[in-house]
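> Once you've had a glance at the structure underneath, I'll fire off some questions.
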Amino acid sequence: MTQNRHPERLGAFIDALAELIGSEPHEGDLLRRGGKLLAQLVSHDDWLADEFAQPDPARYQQFLLHADPQQRFSVVSFV
């Protein structure tokens with residue numbers, strides 16, 4: 001059975017993180033609030049496309065999921 005995918009969760013995380021960074025919070029606040037956003041995202045396992053979650057038996061892999069156009073952050077998956 002194919003699991004339903006919800007890629008919009010990743011999009012919502014990216015949008016919320018960009019908004020948070022754009023508000024120019026103090027570092028501690030950025031880490032606290034950004035950490036909560038990340039925890040909310042990874043509390044579900046249905047947002048990452050299978051192609052970005054496949055392990056390589058010989059080495060770890062890194063997939064770029066998003067690069068902020070203003071070069072403030074990036075989102076990657078490590079498998």
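So you can find residues: chains in the structure tokens are A, B, ... in the order shown, residues in each start at 1, and ligands are numbered from 1 in order.
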Return as a list in words the full set of residues in region 16-68 of chain A whose backbone-based DSSP assignment is strand (DSSP E or B).

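Filtering region 16-68 of chain A to strand (DSSP E or B) leaves Gln62, Phe63, Leu64, Leu65, His66 and Ala67 of chain A.
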
> Write out as JSON, numbers by chain all residues of chain A that backbone DSSP assigns to helix (DSSP H, G or I).

{"A": [8, 9, 10, 11, 12, 13, 14, 15, 16, 17, 18, 19, 20, 21, 22, 27, 28, 29, 30, 31, 32, 33, 34, 35, 36, 37, 38, 39, 40, 41, 42, 50, 51, 52]}

> If you keep N, CA and C atoms, can you produce a file of those selected residues as an mmCIF file, in the first residue's frame?


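The file below, again.cif, is the result:
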data_model
loop_
_atom_site.group_PDB
_atom_site.id
_atom_site.type_symbol
_atom_site.label_atom_id
_atom_site.label_comp_id
_atom_site.auth_asym_id
_atom_site.auth_seq_id
_atom_site.Cartn_x
_atom_site.Cartn_y
_atom_site.Cartn_z
ATOM 1 N N GLU A 8 3.266 19.368 1.158
ATOM 2 C CA GLU A 8 2.939 20.714 1.628
ATOM 3 C C GLU A 8 3.487 20.975 3.030
ATOM 4 N N ARG A 9 3.738 19.923 3.783
ATOM 5 C CA ARG A 9 4.335 20.111 5.120
ATOM 6 C C ARG A 9 5.721 20.744 4.991
ATOM 7 N N LEU A 10 6.512 20.272 4.032
ATOM 8 C CA LEU A 10 7.836 20.849 3.813
ATOM 9 C C LEU A 10 7.702 22.298 3.361
ATOM 10 N N GLY A 11 6.787 22.570 2.461
ATOM 11 C CA GLY A 11 6.567 23.937 2.004
ATOM 12 C C GLY A 11 6.160 24.866 3.130
ATOM 13 N N ALA A 12 5.299 24.384 4.013
ATOM 14 C CA ALA A 12 4.871 25.198 5.155
ATOM 15 C C ALA A 12 6.044 25.463 6.095
ATOM 16 N N PHE A 13 6.891 24.448 6.301
ATOM 17 C CA PHE A 13 8.078 24.629 7.141
ATOM 18 C C PHE A 13 8.997 25.681 6.537
ATOM 19 N N ILE A 14 9.256 25.583 5.250
ATOM 20 C CA ILE A 14 10.138 26.537 4.569
ATOM 21 C C ILE A 14 9.576 27.949 4.669
ATOM 22 N N ASP A 15 8.278 28.093 4.421
ATOM 23 C CA ASP A 15 7.651 29.414 4.511
ATOM 24 C C ASP A 15 7.748 29.984 5.924
ATOM 25 N N ALA A 16 7.458 29.155 6.925
ATOM 26 C CA ALA A 16 7.498 29.617 8.313
ATOM 27 C C ALA A 16 8.922 29.968 8.737
ATOM 28 N N LEU A 17 9.892 29.177 8.319
ATOM 29 C CA LEU A 17 11.279 29.460 8.675
ATOM 30 C C LEU A 17 11.762 30.738 7.997
ATOM 31 N N ALA A 18 11.399 30.931 6.742
ATOM 32 C CA ALA A 18 11.780 32.159 6.036
ATOM 33 C C ALA A 18 11.167 33.384 6.712
ATOM 34 N N GLU A 19 9.919 33.261 7.125
ATOM 35 C CA GLU A 19 9.262 34.369 7.827
ATOM 36 C C GLU A 19 9.952 34.643 9.160
ATOM 37 N N LEU A 20 10.282 33.589 9.879
ATOM 38 C CA LEU A 20 10.975 33.741 11.154
ATOM 39 C C LEU A 20 12.320 34.431 10.959
ATOM 40 N N ILE A 21 13.103 33.965 10.018
ATOM 41 C CA ILE A 21 14.415 34.568 9.767
ATOM 42 C C ILE A 21 14.261 36.013 9.312
ATOM 43 N N GLY A 22 13.245 36.280 8.511
ATOM 44 C CA GLY A 22 12.998 37.633 8.038
ATOM 45 C C GLY A 22 12.648 38.615 9.139
ATOM 46 N N GLU A 27 19.468 35.399 18.217
ATOM 47 C CA GLU A 27 19.898 34.037 17.909
ATOM 48 C C GLU A 27 19.185 32.990 18.762
ATOM 49 N N GLY A 28 19.086 33.233 20.054
ATOM 50 C CA GLY A 28 18.433 32.268 20.935
ATOM 51 C C GLY A 28 16.982 32.044 20.567
ATOM 52 N N ASP A 29 16.294 33.119 20.212
ATOM 53 C CA ASP A 29 14.896 33.011 19.811
ATOM 54 C C ASP A 29 14.779 32.278 18.478
ATOM 55 N N LEU A 30 15.690 32.563 17.559
ATOM 56 C CA LEU A 30 15.701 31.867 16.274
ATOM 57 C C LEU A 30 15.889 30.363 16.477
ATOM 58 N N LEU A 31 16.827 29.995 17.334
ATOM 59 C CA LEU A 31 17.078 28.574 17.583
ATOM 60 C C LEU A 31 15.887 27.903 18.258
ATOM 61 N N ARG A 32 15.287 28.574 19.217
ATOM 62 C CA ARG A 32 14.142 28.000 19.938
ATOM 63 C C ARG A 32 12.942 27.845 19.011
ATOM 64 N N ARG A 33 12.591 28.908 18.331
ATOM 65 C CA ARG A 33 11.410 28.878 17.467
ATOM 66 C C ARG A 33 11.654 28.029 16.215
ATOM 67 N N GLY A 34 12.856 28.128 15.657
ATOM 68 C CA GLY A 34 13.187 27.295 14.500
ATOM 69 C C GLY A 34 13.204 25.821 14.859
ATOM 70 N N GLY A 35 13.695 25.515 16.052
ATOM 71 C CA GLY A 35 13.693 24.132 16.525
ATOM 72 C C GLY A 35 12.291 23.575 16.667
ATOM 73 N N LYS A 36 11.373 24.412 17.117
ATOM 74 C CA LYS A 36 9.975 23.975 17.229
ATOM 75 C C LYS A 36 9.375 23.709 15.853
ATOM 76 N N LEU A 37 9.707 24.572 14.897
ATOM 77 C CA LEU A 37 9.218 24.346 13.533
ATOM 78 C C LEU A 37 9.755 23.032 12.972
ATOM 79 N N LEU A 38 11.041 22.779 13.183
ATOM 80 C CA LEU A 38 11.647 21.542 12.695
ATOM 81 C C LEU A 38 11.045 20.325 13.391
ATOM 82 N N ALA A 39 10.851 20.418 14.701
ATOM 83 C CA ALA A 39 10.251 19.304 15.441
ATOM 84 C C ALA A 39 8.852 18.997 14.921
ATOM 85 N N GLN A 40 8.109 20.042 14.600
ATOM 86 C CA GLN A 40 6.765 19.847 14.056
ATOM 87 C C GLN A 40 6.840 19.135 12.705
ATOM 88 N N LEU A 41 7.780 19.530 11.859
ATOM 89 C CA LEU A 41 7.925 18.890 10.549
ATOM 90 C C LEU A 41 8.276 17.414 10.690
ATOM 91 N N VAL A 42 9.297 17.101 11.465
ATOM 92 C CA VAL A 42 9.771 15.713 11.531
ATOM 93 C C VAL A 42 8.908 14.825 12.421
ATOM 94 N N ASP A 50 10.099 9.710 -1.557
ATOM 95 C CA ASP A 50 10.918 8.499 -1.429
ATOM 96 C C ASP A 50 12.295 8.650 -2.062
ATOM 97 N N GLU A 51 12.377 9.356 -3.178
ATOM 98 C CA GLU A 51 13.661 9.498 -3.873
ATOM 99 C C GLU A 51 14.713 10.216 -3.029
ATOM 100 N N PHE A 52 14.281 10.986 -2.027
ATOM 101 C CA PHE A 52 15.212 11.705 -1.157
ATOM 102 C C PHE A 52 15.440 10.985 0.171
#

> Could you check which of A:His6, A:Ser77, A:Glu24, A:Gln71 is closest to Asp46 (chain A), using only C-alpha atoms?

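Among A:His6, A:Ser77, A:Glu24, A:Gln71, it is A:His6 that comes nearest to Asp46 (chain A).
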
> Between CA of Gln61 (chain A) and CA of Phe78 (chain A), what is the distance in Å, rounded to a tenth?

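Atom-to-atom, CA of Gln61 (chain A) to CA of Phe78 (chain A), that is 5.7 Å.
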
> By how many Å are CA of Ser23 (chain A) and CA of Phe63 (chain A) apart?

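We find that CA of Ser23 (chain A) and CA of Phe63 (chain A) lie 27.5 Å from each other.
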
> To one decimal place, how far is CA of Gln54 (chain A) from CA of Asp68 (chain A) in Å?

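The value is 23.9 Å.
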